[in-house]
$ cat model.cif   # mmCIF, C-alpha atoms
data_entry
#
loop_
_atom_site.group_PDB
_atom_site.id
_atom_site.type_symbol
_atom_site.label_atom_id
_atom_site.label_comp_id
_atom_site.auth_asym_id
_atom_site.auth_seq_id
_atom_site.Cartn_x
_atom_site.Cartn_y
_atom_site.Cartn_z
ATOM 1 C CA MET L 290 103.945 -56.550 -21.390
ATOM 2 C CA ALA L 291 105.255 -56.300 -24.966
ATOM 3 C CA ALA L 292 103.442 -59.486 -25.906
ATOM 4 C CA ARG L 293 100.250 -58.164 -24.352
ATOM 5 C CA GLY L 294 100.660 -54.968 -26.365
ATOM 6 C CA ARG L 295 100.975 -56.953 -29.590
ATOM 7 C CA PHE L 296 97.886 -58.970 -28.678
ATOM 8 C CA TYR L 297 95.738 -55.855 -28.518
ATOM 9 C CA THR L 298 97.315 -53.662 -31.164
ATOM 10 C CA SER L 299 98.735 -55.893 -33.881
ATOM 11 C CA THR L 300 96.493 -57.600 -36.402
ATOM 12 C CA SER L 301 99.249 -60.157 -36.997
ATOM 13 C CA GLY L 302 99.143 -60.975 -33.285
ATOM 14 C CA PHE L 303 95.514 -62.138 -33.646
ATOM 15 C CA SER L 304 96.420 -64.700 -36.276
ATOM 16 C CA ALA L 305 99.578 -65.901 -34.587
ATOM 17 C CA GLY L 306 98.011 -67.519 -31.508
ATOM 18 C CA GLY L 307 94.797 -69.419 -30.811
ATOM 19 C CA ARG L 308 93.504 -67.022 -28.178
ATOM 20 C CA GLY L 309 94.308 -64.058 -30.387
ATOM 21 C CA ALA L 310 92.557 -65.579 -33.380
ATOM 22 C CA LYS L 311 89.463 -66.396 -31.340
ATOM 23 C CA ALA L 312 89.386 -62.899 -29.891
ATOM 24 C CA GLN L 313 89.686 -61.411 -33.352
ATOM 25 C CA LYS L 314 86.805 -63.555 -34.620
ATOM 26 C CA ARG L 315 84.630 -62.613 -31.668
ATOM 27 C CA LEU L 316 85.422 -58.933 -32.183
ATOM 28 C CA ALA L 317 84.769 -59.163 -35.904
ATOM 29 C CA ALA L 318 81.509 -61.026 -35.305
ATOM 30 C CA GLY L 319 80.466 -58.400 -32.790
ATOM 31 C CA ASN L 320 81.206 -55.583 -35.227
ATOM 32 C CA ILE L 321 79.329 -57.334 -38.012
ATOM 33 C CA GLY L 322 76.406 -57.972 -35.685
ATOM 34 C CA ALA L 323 76.331 -54.336 -34.573
ATOM 35 C CA ARG L 324 76.476 -53.112 -38.171
ATOM 36 C CA TYR L 325 73.769 -55.591 -39.145
ATOM 37 C CA CYS L 326 71.465 -54.435 -36.353
ATOM 38 C CA CYS L 327 72.107 -50.794 -37.207
ATOM 39 C CA ASN L 328 71.452 -51.383 -40.896
ATOM 40 C CA LEU L 329 68.366 -53.437 -40.109
ATOM 41 C CA ARG L 330 67.022 -50.645 -37.974
ATOM 42 C CA ARG L 331 67.704 -48.110 -40.733
ATOM 43 C CA LEU L 332 65.951 -50.378 -43.238
ATOM 44 C CA TRP L 333 62.964 -50.736 -40.917
ATOM 45 C CA TYR L 334 62.888 -46.947 -40.512
ATOM 46 C CA ASN L 335 63.053 -46.334 -44.268
ATOM 47 C CA VAL L 336 60.367 -48.883 -45.103
ATOM 48 C CA HIS L 337 57.921 -48.401 -42.256
ATOM 49 C CA MET L 338 58.508 -45.013 -40.740
ATOM 50 C CA VAL L 339 57.621 -41.449 -41.504
ATOM 51 C CA ASN L 340 58.871 -39.675 -44.596
ATOM 52 C CA ILE L 341 57.743 -36.097 -44.160
ATOM 53 C CA GLY L 342 59.963 -34.855 -46.949
ATOM 54 C CA ASN L 343 61.527 -31.797 -45.316
ATOM 55 C CA SER L 344 63.674 -30.724 -42.363
ATOM 56 C CA TRP L 345 61.400 -32.426 -39.825
ATOM 57 C CA ASP L 346 62.740 -35.821 -40.923
ATOM 58 C CA ASP L 347 66.170 -35.055 -39.450
ATOM 59 C CA ILE L 348 64.889 -33.078 -36.488
ATOM 60 C CA LEU L 349 62.540 -35.862 -35.349
ATOM 61 C CA HIS L 350 64.652 -38.802 -36.514
ATOM 62 C CA ASP L 351 65.289 -40.075 -32.982
ATOM 63 C CA VAL L 352 61.638 -39.630 -32.046
ATOM 64 C CA PHE L 353 60.553 -41.960 -34.848
ATOM 65 C CA LEU L 354 63.165 -44.510 -33.788
ATOM 66 C CA SER L 355 62.004 -44.506 -30.167
ATOM 67 C CA ASP L 356 60.316 -47.360 -28.351
ATOM 68 C CA ASN L 357 57.343 -45.062 -27.750
ATOM 69 C CA TYR L 358 56.799 -44.541 -31.459
ATOM 70 C CA ALA L 359 57.272 -48.235 -32.214
ATOM 71 C CA ALA L 360 54.461 -49.024 -29.749
ATOM 72 C CA LEU L 361 52.320 -46.218 -31.145
ATOM 73 C CA ARG L 362 52.840 -47.464 -34.674
ATOM 74 C CA GLY L 363 51.807 -50.978 -33.671
ATOM 75 C CA PHE L 364 48.634 -49.582 -32.119
ATOM 76 C CA LEU L 365 47.875 -47.522 -35.243
ATOM 77 C CA LYS L 366 48.381 -50.474 -37.581
ATOM 78 C CA ALA L 367 45.734 -52.402 -35.659
ATOM 79 C CA GLU L 368 43.406 -49.395 -35.478
ATOM 80 C CA TYR L 369 43.546 -48.616 -39.204
ATOM 81 C CA ARG L 370 43.065 -52.294 -40.007
ATOM 82 C CA THR L 371 40.065 -52.871 -37.747
ATOM 83 C CA ARG L 372 38.448 -49.459 -37.221
ATOM 84 C CA THR L 373 37.547 -46.333 -39.129
ATOM 85 C CA VAL L 374 40.247 -43.831 -38.209
ATOM 86 C CA TYR L 375 40.796 -40.210 -39.249
ATOM 87 C CA PRO L 376 42.615 -38.675 -40.972
ATOM 88 C CA ASP L 377 43.688 -40.890 -43.869
ATOM 89 C CA MET L 378 47.002 -42.482 -42.878
ATOM 90 C CA HIS L 379 48.795 -40.542 -45.626
ATOM 91 C CA ASP L 380 47.586 -37.244 -44.108
ATOM 92 C CA ILE L 381 48.639 -37.848 -40.498
ATOM 93 C CA PHE L 382 51.746 -35.644 -40.677
ATOM 94 C CA ASN L 383 50.404 -32.956 -43.003
ATOM 95 C CA ALA L 384 50.968 -30.247 -40.387
ATOM 96 C CA LEU L 385 54.718 -30.939 -40.478
ATOM 97 C CA ARG L 386 54.724 -31.583 -44.221
ATOM 98 C CA TYR L 387 53.209 -28.204 -45.102
ATOM 99 C CA THR L 388 55.270 -26.213 -42.586
ATOM 100 C CA PRO L 389 58.979 -27.122 -42.384
ATOM 101 C CA TYR L 390 60.777 -26.497 -39.116
ATOM 102 C CA GLU L 391 62.714 -23.465 -40.302
ATOM 103 C CA LYS L 392 59.568 -21.840 -41.777
ATOM 104 C CA VAL L 393 57.449 -21.891 -38.607
ATOM 105 C CA ARG L 394 56.420 -18.412 -37.483
ATOM 106 C CA ALA L 395 53.390 -19.301 -35.373
ATOM 107 C CA VAL L 396 52.005 -22.485 -33.822
ATOM 108 C CA ILE L 397 48.313 -23.121 -33.241
ATOM 109 C CA LEU L 398 47.776 -26.152 -31.011
ATOM 110 C CA GLY L 399 44.613 -28.178 -31.334
ATOM 111 C CA GLN L 400 43.397 -31.261 -29.478
ATOM 112 C CA ASP L 401 42.736 -34.216 -31.782
ATOM 113 C CA PRO L 402 41.407 -34.433 -35.359
ATOM 114 C CA TYR L 403 37.793 -33.951 -36.330
ATOM 115 C CA HIS L 404 36.056 -37.301 -35.946
ATOM 116 C CA GLY L 405 33.433 -36.894 -38.688
ATOM 117 C CA GLU L 406 33.689 -38.383 -42.158
ATOM 118 C CA GLY L 407 35.561 -36.310 -44.731
ATOM 119 C CA GLN L 408 36.693 -33.592 -42.328
ATOM 120 C CA ALA L 409 40.173 -34.202 -40.938
ATOM 121 C CA HIS L 410 43.204 -33.989 -43.189
ATOM 122 C CA GLY L 411 46.089 -33.493 -40.772
ATOM 123 C CA LEU L 412 45.831 -29.779 -39.930
ATOM 124 C CA CYS L 413 44.149 -28.705 -36.722
ATOM 125 C CA PHE L 414 40.836 -26.852 -37.206
ATOM 126 C CA SER L 415 41.053 -27.235 -41.010
ATOM 127 C CA VAL L 416 38.695 -29.279 -43.198
ATOM 128 C CA LYS L 417 38.873 -30.262 -46.830
ATOM 129 C CA PRO L 418 37.515 -27.976 -49.564
ATOM 130 C CA GLY L 419 33.757 -28.232 -49.952
ATOM 131 C CA VAL L 420 33.213 -29.406 -46.366
ATOM 132 C CA PRO L 421 31.242 -26.967 -44.162
ATOM 133 C CA ALA L 422 33.313 -25.221 -41.522
ATOM 134 C CA PRO L 423 32.848 -26.868 -38.102
ATOM 135 C CA PRO L 424 31.604 -24.634 -35.267
ATOM 136 C CA SER L 425 35.053 -24.004 -33.776
ATOM 137 C CA LEU L 426 36.395 -22.815 -37.129
ATOM 138 C CA VAL L 427 33.324 -20.617 -37.615
ATOM 139 C CA ASN L 428 34.234 -18.939 -34.327
ATOM 140 C CA ILE L 429 37.879 -18.601 -35.365
ATOM 141 C CA PHE L 430 36.787 -16.858 -38.554
ATOM 142 C CA LYS L 431 34.493 -14.562 -36.538
ATOM 143 C CA GLU L 432 37.407 -13.520 -34.325
ATOM 144 C CA ILE L 433 39.625 -12.939 -37.364
ATOM 145 C CA ARG L 434 36.956 -10.739 -38.925
ATOM 146 C CA ASP L 435 36.544 -8.722 -35.737
ATOM 147 C CA ASP L 436 40.298 -8.557 -35.100
ATOM 148 C CA VAL L 437 41.924 -7.908 -38.484
ATOM 149 C CA GLY L 438 38.964 -7.349 -40.801
ATOM 150 C CA ILE L 439 39.344 -10.485 -42.938
ATOM 151 C CA ASP L 440 36.139 -12.306 -43.846
ATOM 152 C CA ASN L 441 37.235 -15.856 -44.642
ATOM 153 C CA LYS L 442 34.971 -18.318 -46.426
ATOM 154 C CA SER L 443 37.159 -21.331 -47.206
ATOM 155 C CA PRO L 444 37.652 -23.701 -44.246
ATOM 156 C CA TYR L 445 40.745 -25.198 -45.933
ATOM 157 C CA LEU L 446 43.677 -23.773 -43.934
ATOM 158 C CA VAL L 447 46.560 -25.024 -46.082
ATOM 159 C CA PRO L 448 47.378 -21.411 -47.130
ATOM 160 C CA TRP L 449 48.064 -20.621 -43.457
ATOM 161 C CA ALA L 450 50.326 -23.648 -43.143
ATOM 162 C CA GLU L 451 52.242 -22.672 -46.272
ATOM 163 C CA ARG L 452 52.785 -19.184 -44.803
ATOM 164 C CA GLY L 453 54.395 -20.539 -41.631
ATOM 165 C CA VAL L 454 51.507 -21.345 -39.292
ATOM 166 C CA LEU L 455 52.025 -24.834 -37.857
ATOM 167 C CA LEU L 456 48.523 -26.244 -37.335
ATOM 168 C CA LEU L 457 49.364 -29.029 -34.901
ATOM 169 C CA ASN L 458 47.011 -31.250 -32.970
ATOM 170 C CA THR L 459 48.449 -32.734 -29.769
ATOM 171 C CA VAL L 460 47.026 -36.129 -30.835
ATOM 172 C CA LEU L 461 47.187 -36.820 -34.563
ATOM 173 C CA THR L 462 44.598 -39.581 -35.067
ATOM 174 C CA VAL L 463 41.120 -40.455 -33.809
ATOM 175 C CA ARG L 464 38.464 -43.141 -34.230
ATOM 176 C CA ALA L 465 35.384 -42.128 -36.184
ATOM 177 C CA GLY L 466 32.785 -40.642 -33.876
ATOM 178 C CA GLN L 467 34.943 -41.028 -30.767
ATOM 179 C CA PRO L 468 36.769 -37.829 -29.771
ATOM 180 C CA ASN L 469 39.892 -38.366 -27.656
ATOM 181 C CA SER L 470 39.858 -42.091 -28.484
ATOM 182 C CA HIS L 471 43.596 -42.057 -29.303
ATOM 183 C CA ARG L 472 44.550 -39.967 -26.325
ATOM 184 C CA GLY L 473 47.240 -41.539 -24.154
ATOM 185 C CA LYS L 474 48.453 -43.922 -26.866
ATOM 186 C CA GLY L 475 51.787 -42.207 -27.487
ATOM 187 C CA TRP L 476 51.037 -39.205 -29.678
ATOM 188 C CA GLU L 477 51.520 -36.780 -26.812
ATOM 189 C CA GLU L 478 55.179 -37.768 -26.484
ATOM 190 C CA VAL L 479 55.698 -37.149 -30.201
ATOM 191 C CA THR L 480 54.016 -33.747 -30.315
ATOM 192 C CA ASP L 481 55.686 -32.707 -27.047
ATOM 193 C CA GLU L 482 59.011 -33.232 -28.808
ATOM 194 C CA VAL L 483 57.840 -31.109 -31.738
ATOM 195 C CA ILE L 484 57.103 -28.286 -29.296
ATOM 196 C CA ARG L 485 60.388 -28.727 -27.423
ATOM 197 C CA ARG L 486 62.414 -28.553 -30.618
ATOM 198 C CA LEU L 487 60.569 -25.470 -31.767
ATOM 199 C CA ASN L 488 61.224 -23.953 -28.358
ATOM 200 C CA ASP L 489 64.945 -24.598 -28.919
ATOM 201 C CA ARG L 490 64.937 -22.594 -32.138
ATOM 202 C CA ARG L 491 66.674 -19.233 -31.883
ATOM 203 C CA GLU L 492 64.271 -17.319 -34.114
ATOM 204 C CA PRO L 493 61.231 -15.922 -32.257
ATOM 205 C CA MET L 494 57.807 -17.403 -32.934
ATOM 206 C CA VAL L 495 54.320 -17.229 -31.448
ATOM 207 C CA PHE L 496 52.564 -20.106 -29.676
ATOM 208 C CA LEU L 497 48.765 -19.811 -29.634
ATOM 209 C CA LEU L 498 47.357 -22.048 -26.903
ATOM 210 C CA TRP L 499 43.580 -22.352 -27.065
ATOM 211 C CA GLY L 500 41.837 -24.461 -24.446
ATOM 212 C CA GLY L 501 42.975 -26.638 -21.578
ATOM 213 C CA ASN L 502 44.788 -29.307 -23.589
ATOM 214 C CA ALA L 503 46.856 -26.743 -25.461
ATOM 215 C CA ARG L 504 47.550 -24.629 -22.394
ATOM 216 C CA ALA L 505 48.890 -27.719 -20.613
ATOM 217 C CA LYS L 506 51.817 -27.564 -23.049
ATOM 218 C CA LYS L 507 52.906 -24.137 -21.806
ATOM 219 C CA SER L 508 55.568 -25.667 -19.551
ATOM 220 C CA LEU L 509 57.391 -26.938 -22.654
ATOM 221 C CA ILE L 510 57.858 -23.390 -23.972
ATOM 222 C CA THR L 511 60.614 -21.859 -21.878
ATOM 223 C CA ALA L 512 62.780 -19.824 -24.255
ATOM 224 C CA PRO L 513 62.330 -16.080 -23.620
ATOM 225 C CA GLN L 514 62.418 -15.088 -27.291
ATOM 226 C CA HIS L 515 59.032 -16.665 -27.995
ATOM 227 C CA LEU L 516 55.564 -15.231 -27.346
ATOM 228 C CA ILE L 517 52.822 -17.332 -25.730
ATOM 229 C CA LEU L 518 49.189 -16.313 -26.247
ATOM 230 C CA GLU L 519 46.554 -18.150 -24.200
ATOM 231 C CA CYS L 520 42.765 -18.168 -24.126
ATOM 232 C CA PRO L 521 39.786 -20.556 -23.951
ATOM 233 C CA HIS L 522 39.038 -22.917 -26.819
ATOM 234 C CA PRO L 523 37.038 -21.534 -29.783
ATOM 235 C CA SER L 524 34.376 -24.216 -29.285
ATOM 236 C CA PRO L 525 30.826 -22.828 -28.923
ATOM 237 C CA LEU L 526 30.958 -24.162 -25.356
ATOM 238 C CA SER L 527 33.794 -21.825 -24.354
ATOM 239 C CA ALA L 528 34.341 -19.157 -27.009
ATOM 240 C CA TYR L 529 32.327 -16.542 -25.108
ATOM 241 C CA TYR L 530 34.528 -17.020 -22.035
ATOM 242 C CA GLY L 531 37.576 -15.345 -23.557
ATOM 243 C CA PHE L 532 38.264 -16.554 -27.078
ATOM 244 C CA PHE L 533 36.113 -13.858 -28.608
ATOM 245 C CA GLY L 534 38.008 -10.633 -28.165
ATOM 246 C CA CYS L 535 41.405 -12.271 -27.579
ATOM 247 C CA ARG L 536 42.830 -10.502 -30.658
ATOM 248 C CA HIS L 537 45.471 -13.214 -31.061
ATOM 249 C CA PHE L 538 45.790 -12.697 -34.812
ATOM 250 C CA SER L 539 46.733 -9.027 -34.630
ATOM 251 C CA LYS L 540 48.911 -9.671 -31.567
ATOM 252 C CA THR L 541 50.777 -12.398 -33.468
ATOM 253 C CA ASN L 542 51.488 -10.047 -36.355
ATOM 254 C CA ALA L 543 52.492 -7.187 -34.072
ATOM 255 C CA PHE L 544 55.056 -9.443 -32.390
ATOM 256 C CA LEU L 545 56.432 -10.756 -35.668
ATOM 257 C CA THR L 546 56.842 -7.329 -37.246
ATOM 258 C CA GLU L 547 58.450 -5.969 -34.079
ATOM 259 C CA HIS L 548 61.095 -8.692 -34.461
ATOM 260 C CA GLY L 549 61.701 -8.032 -38.133
ATOM 261 C CA PHE L 550 59.513 -10.777 -39.622
ATOM 262 C CA GLU L 551 56.724 -10.484 -42.146
ATOM 263 C CA ALA L 552 53.184 -10.419 -40.775
ATOM 264 C CA ILE L 553 51.029 -13.471 -41.464
ATOM 265 C CA ASP L 554 48.320 -13.133 -44.084
ATOM 266 C CA TRP L 555 45.289 -14.662 -42.373
ATOM 267 C CA HIS L 556 43.261 -15.014 -45.577
ATOM 268 C CA THR L 557 42.326 -18.541 -46.568
#

$ encode --input "model.cif" --output "structure tokens"
Amino acid sequence: MAARGRFYTSTSGFSAGGRGAKAQKRLAAGNIGARYCCNLRRLWYNVHMVNIGNSWDDILHDVFLSDNYAALRGFLKAEYRTRTVYPDMHDIFNALRYTPYEKVRAVILGQDPYHGEGQAHGLCFSVKPGVPAPPSLVNIFKEIRDDVGIDNKSPYLVPWAERGVLLLNTVLTVRAGQPNSHRGKGWEEVTDEVIRRLNDRREPMVFLLWGGNARAKKSLITAPQHLILECPHPSPLSAYYGFFGCRHFSKTNAFLTEHGFEAIDWHT
């Protein structure tokens, strides 16, 4: 038994006998191989994966190392190489980039990006400066005007994102002219994890779920400290069935101030 103990616990025991030396070499080779694989994976992550540049990098680190995201990334590489895809690949994660995890006070969930040229830039419902507001955003601005008296003109919603409104689509890319063309390719698993991790946060926030796709995410929001506001989508096809008059903007601010947080400035 003493000899067996030396075999497993003494480094000199590995070099003394043939079996011990071979075992030591196999163990060392295994450790080197494991470290090599780990380092290779880190290198692959650093070179090819997302660099949001804020707290989301750590919070979603395992998501971007998952097999699901590896498959999604392979699909996107082919799509961007062979198709016209929106938004620009450097804008895909703008929603997370503009609104760090700890700064989120409200979440507006969209569907997938605008599929017209020059519109999408990584924030749901927002378009670039100088681009006319799409119909859904026109209706959002109408509700804001009726609800809180703000008459917005700029369709560029980055100021909202910088004030803590996470403008997140459930699918983050789309082929030109083909709405929902990247649905079911893996984005849903990524954005579901974003919602789950926000749900886990202790500080209260508001989730605004507009339309069927967004409302389907309600089951992911289980923590009692958060507020969920639901209504139909602001699209012209459904806005008159409950989006107009929902008063979600004033309700969001009432909830935040009741919990000791600053109200959101809905000006753009």

$ closest_residue --input "model.cif" --among "L:Leu354, L:Leu516, L:Val396, L:Ile348" --to "L:Gly453" --atoms "only C-alpha atoms"
L:Val396

$ closest_residue --input "model.cif" --among "L:Glu391, L:Asp356, L:Asp380, L:Asp440" --to "L:Asn428" --atoms "all atoms listed in the file"
L:Asp440

$ atom_distance --input "model.cif" --atom1 "atom CA of L:Trp476" --atom2 "atom CA of L:Leu461"
6.7 Å

$ residues_around --input "model.cif" --residues "L:Pro448" --least-positions-apart "3" --cutoff "10 Å" --atoms "all atoms listed in the file" --output "ChimeraX atom specification"
/L:387,445,451-454,554-557

$ closest_residue --input "model.cif" --among "L:Pro389, L:Pro521, L:Met378, L:Cys413" --to "L:Leu487" --atoms "all atoms listed in the file"
L:Pro389

$ closest_residue --input "model.cif" --among "L:Leu497, L:Ala395, L:Ala465, L:Ile510" --to "L:Glu368" --atoms "all atoms listed in the file"
L:Ala465

$ closest_residue --input "model.cif" --among "L:Ala528, L:Ile484, L:Ile341, L:Cys535" --to "L:Lys507" --atoms "all atoms listed in the file"
L:Ile484

$ resolve_selection --input "model.cif" --expression "the PyMOL selection byres ((chain L and resi 425) around 8)" --output "JSON, numbers by chain"
{"L": [414, 423, 424, 426, 427, 428, 429, 523, 524, 525]}

$ resolve_selection --input "model.cif" --expression "the PyMOL selection byres ((chain L and resi 502) around 9)" --output "list in words"
Leu398, Gly399, Gln400, Thr459, Leu498, Trp499, Gly500, Gly501, Ala503, Arg504, Ala505 and Lys506 of chain L

$ decode --input "model.cif" --residues "stretch 520-530 of chain L" --atoms "all heavy atoms" --output "compact mmCIF listing (two decimals), in the first residue's frame"
# COMPACT_ATOMS: atom_id res chain seq x y z
N CYS L 520 -49.16 44.43 -25.25
CA CYS L 520 -50.20 44.96 -26.13
C CYS L 520 -49.90 44.49 -27.55
O CYS L 520 -48.84 43.92 -27.81
CB CYS L 520 -50.27 46.48 -26.05
SG CYS L 520 -48.88 47.33 -26.79
N PRO L 521 -50.81 44.75 -28.50
CA PRO L 521 -50.52 44.42 -29.90
C PRO L 521 -49.34 45.21 -30.44
O PRO L 521 -48.91 46.22 -29.87
CB PRO L 521 -51.82 44.79 -30.62
CG PRO L 521 -52.87 44.70 -29.57
CD PRO L 521 -52.20 45.16 -28.31
N HIS L 522 -48.83 44.76 -31.57
CA HIS L 522 -47.69 45.39 -32.23
C HIS L 522 -48.09 46.78 -32.76
O HIS L 522 -49.25 46.98 -33.16
CB HIS L 522 -47.23 44.50 -33.37
CG HIS L 522 -45.88 44.83 -33.91
ND1 HIS L 522 -45.68 45.80 -34.87
CD2 HIS L 522 -44.65 44.33 -33.61
CE1 HIS L 522 -44.39 45.88 -35.16
NE2 HIS L 522 -43.75 45.00 -34.41
N PRO L 523 -47.15 47.73 -32.80
CA PRO L 523 -47.49 49.06 -33.33
C PRO L 523 -47.60 49.13 -34.85
O PRO L 523 -47.81 50.22 -35.40
CB PRO L 523 -46.33 49.93 -32.84
CG PRO L 523 -45.20 48.99 -32.62
CD PRO L 523 -45.83 47.71 -32.17
N SER L 524 -47.50 48.03 -35.54
CA SER L 524 -47.70 48.00 -36.99
C SER L 524 -49.07 48.58 -37.34
O SER L 524 -50.04 48.43 -36.59
CB SER L 524 -47.60 46.56 -37.49
OG SER L 524 -48.20 46.44 -38.77
N PRO L 525 -49.18 49.24 -38.51
CA PRO L 525 -50.50 49.73 -38.95
C PRO L 525 -51.56 48.63 -39.02
O PRO L 525 -52.76 48.92 -38.96
CB PRO L 525 -50.21 50.32 -40.34
CG PRO L 525 -48.76 50.69 -40.30
CD PRO L 525 -48.10 49.65 -39.43
N LEU L 526 -51.12 47.38 -39.14
CA LEU L 526 -52.07 46.28 -39.22
C LEU L 526 -52.71 45.95 -37.88
O LEU L 526 -53.77 45.31 -37.84
CB LEU L 526 -51.37 45.02 -39.77
CG LEU L 526 -50.80 45.12 -41.19
CD1 LEU L 526 -50.04 43.85 -41.54
CD2 LEU L 526 -51.90 45.39 -42.20
N SER L 527 -52.08 46.37 -36.78
CA SER L 527 -52.59 45.97 -35.46
C SER L 527 -52.65 47.09 -34.44
O SER L 527 -53.20 46.89 -33.36
CB SER L 527 -51.71 44.83 -34.91
OG SER L 527 -50.34 45.22 -34.87
N ALA L 528 -52.10 48.25 -34.75
CA ALA L 528 -52.00 49.31 -33.75
C ALA L 528 -53.36 49.72 -33.19
O ALA L 528 -53.48 50.06 -32.00
CB ALA L 528 -51.29 50.53 -34.34
N TYR L 529 -54.39 49.69 -34.02
CA TYR L 529 -55.72 50.12 -33.57
C TYR L 529 -56.43 49.06 -32.73
O TYR L 529 -57.52 49.29 -32.23
CB TYR L 529 -56.58 50.48 -34.78
CG TYR L 529 -56.19 51.81 -35.41
CD1 TYR L 529 -55.31 51.85 -36.48
CD2 TYR L 529 -56.67 53.01 -34.90
CE1 TYR L 529 -54.92 53.05 -37.06
CE2 TYR L 529 -56.29 54.23 -35.46
CZ TYR L 529 -55.42 54.24 -36.54
OH TYR L 529 -55.05 55.44 -37.10
N TYR L 530 -55.78 47.90 -32.56
CA TYR L 530 -56.39 46.84 -31.75
C TYR L 530 -55.84 46.80 -30.33
O TYR L 530 -55.99 45.79 -29.64
CB TYR L 530 -56.19 45.48 -32.43
CG TYR L 530 -56.94 45.35 -33.73
CD1 TYR L 530 -56.30 45.63 -34.94
CD2 TYR L 530 -58.28 44.98 -33.76
CE1 TYR L 530 -56.98 45.53 -36.14
CE2 TYR L 530 -58.97 44.88 -34.97
CZ TYR L 530 -58.31 45.17 -36.15
OH TYR L 530 -58.99 45.07 -37.35
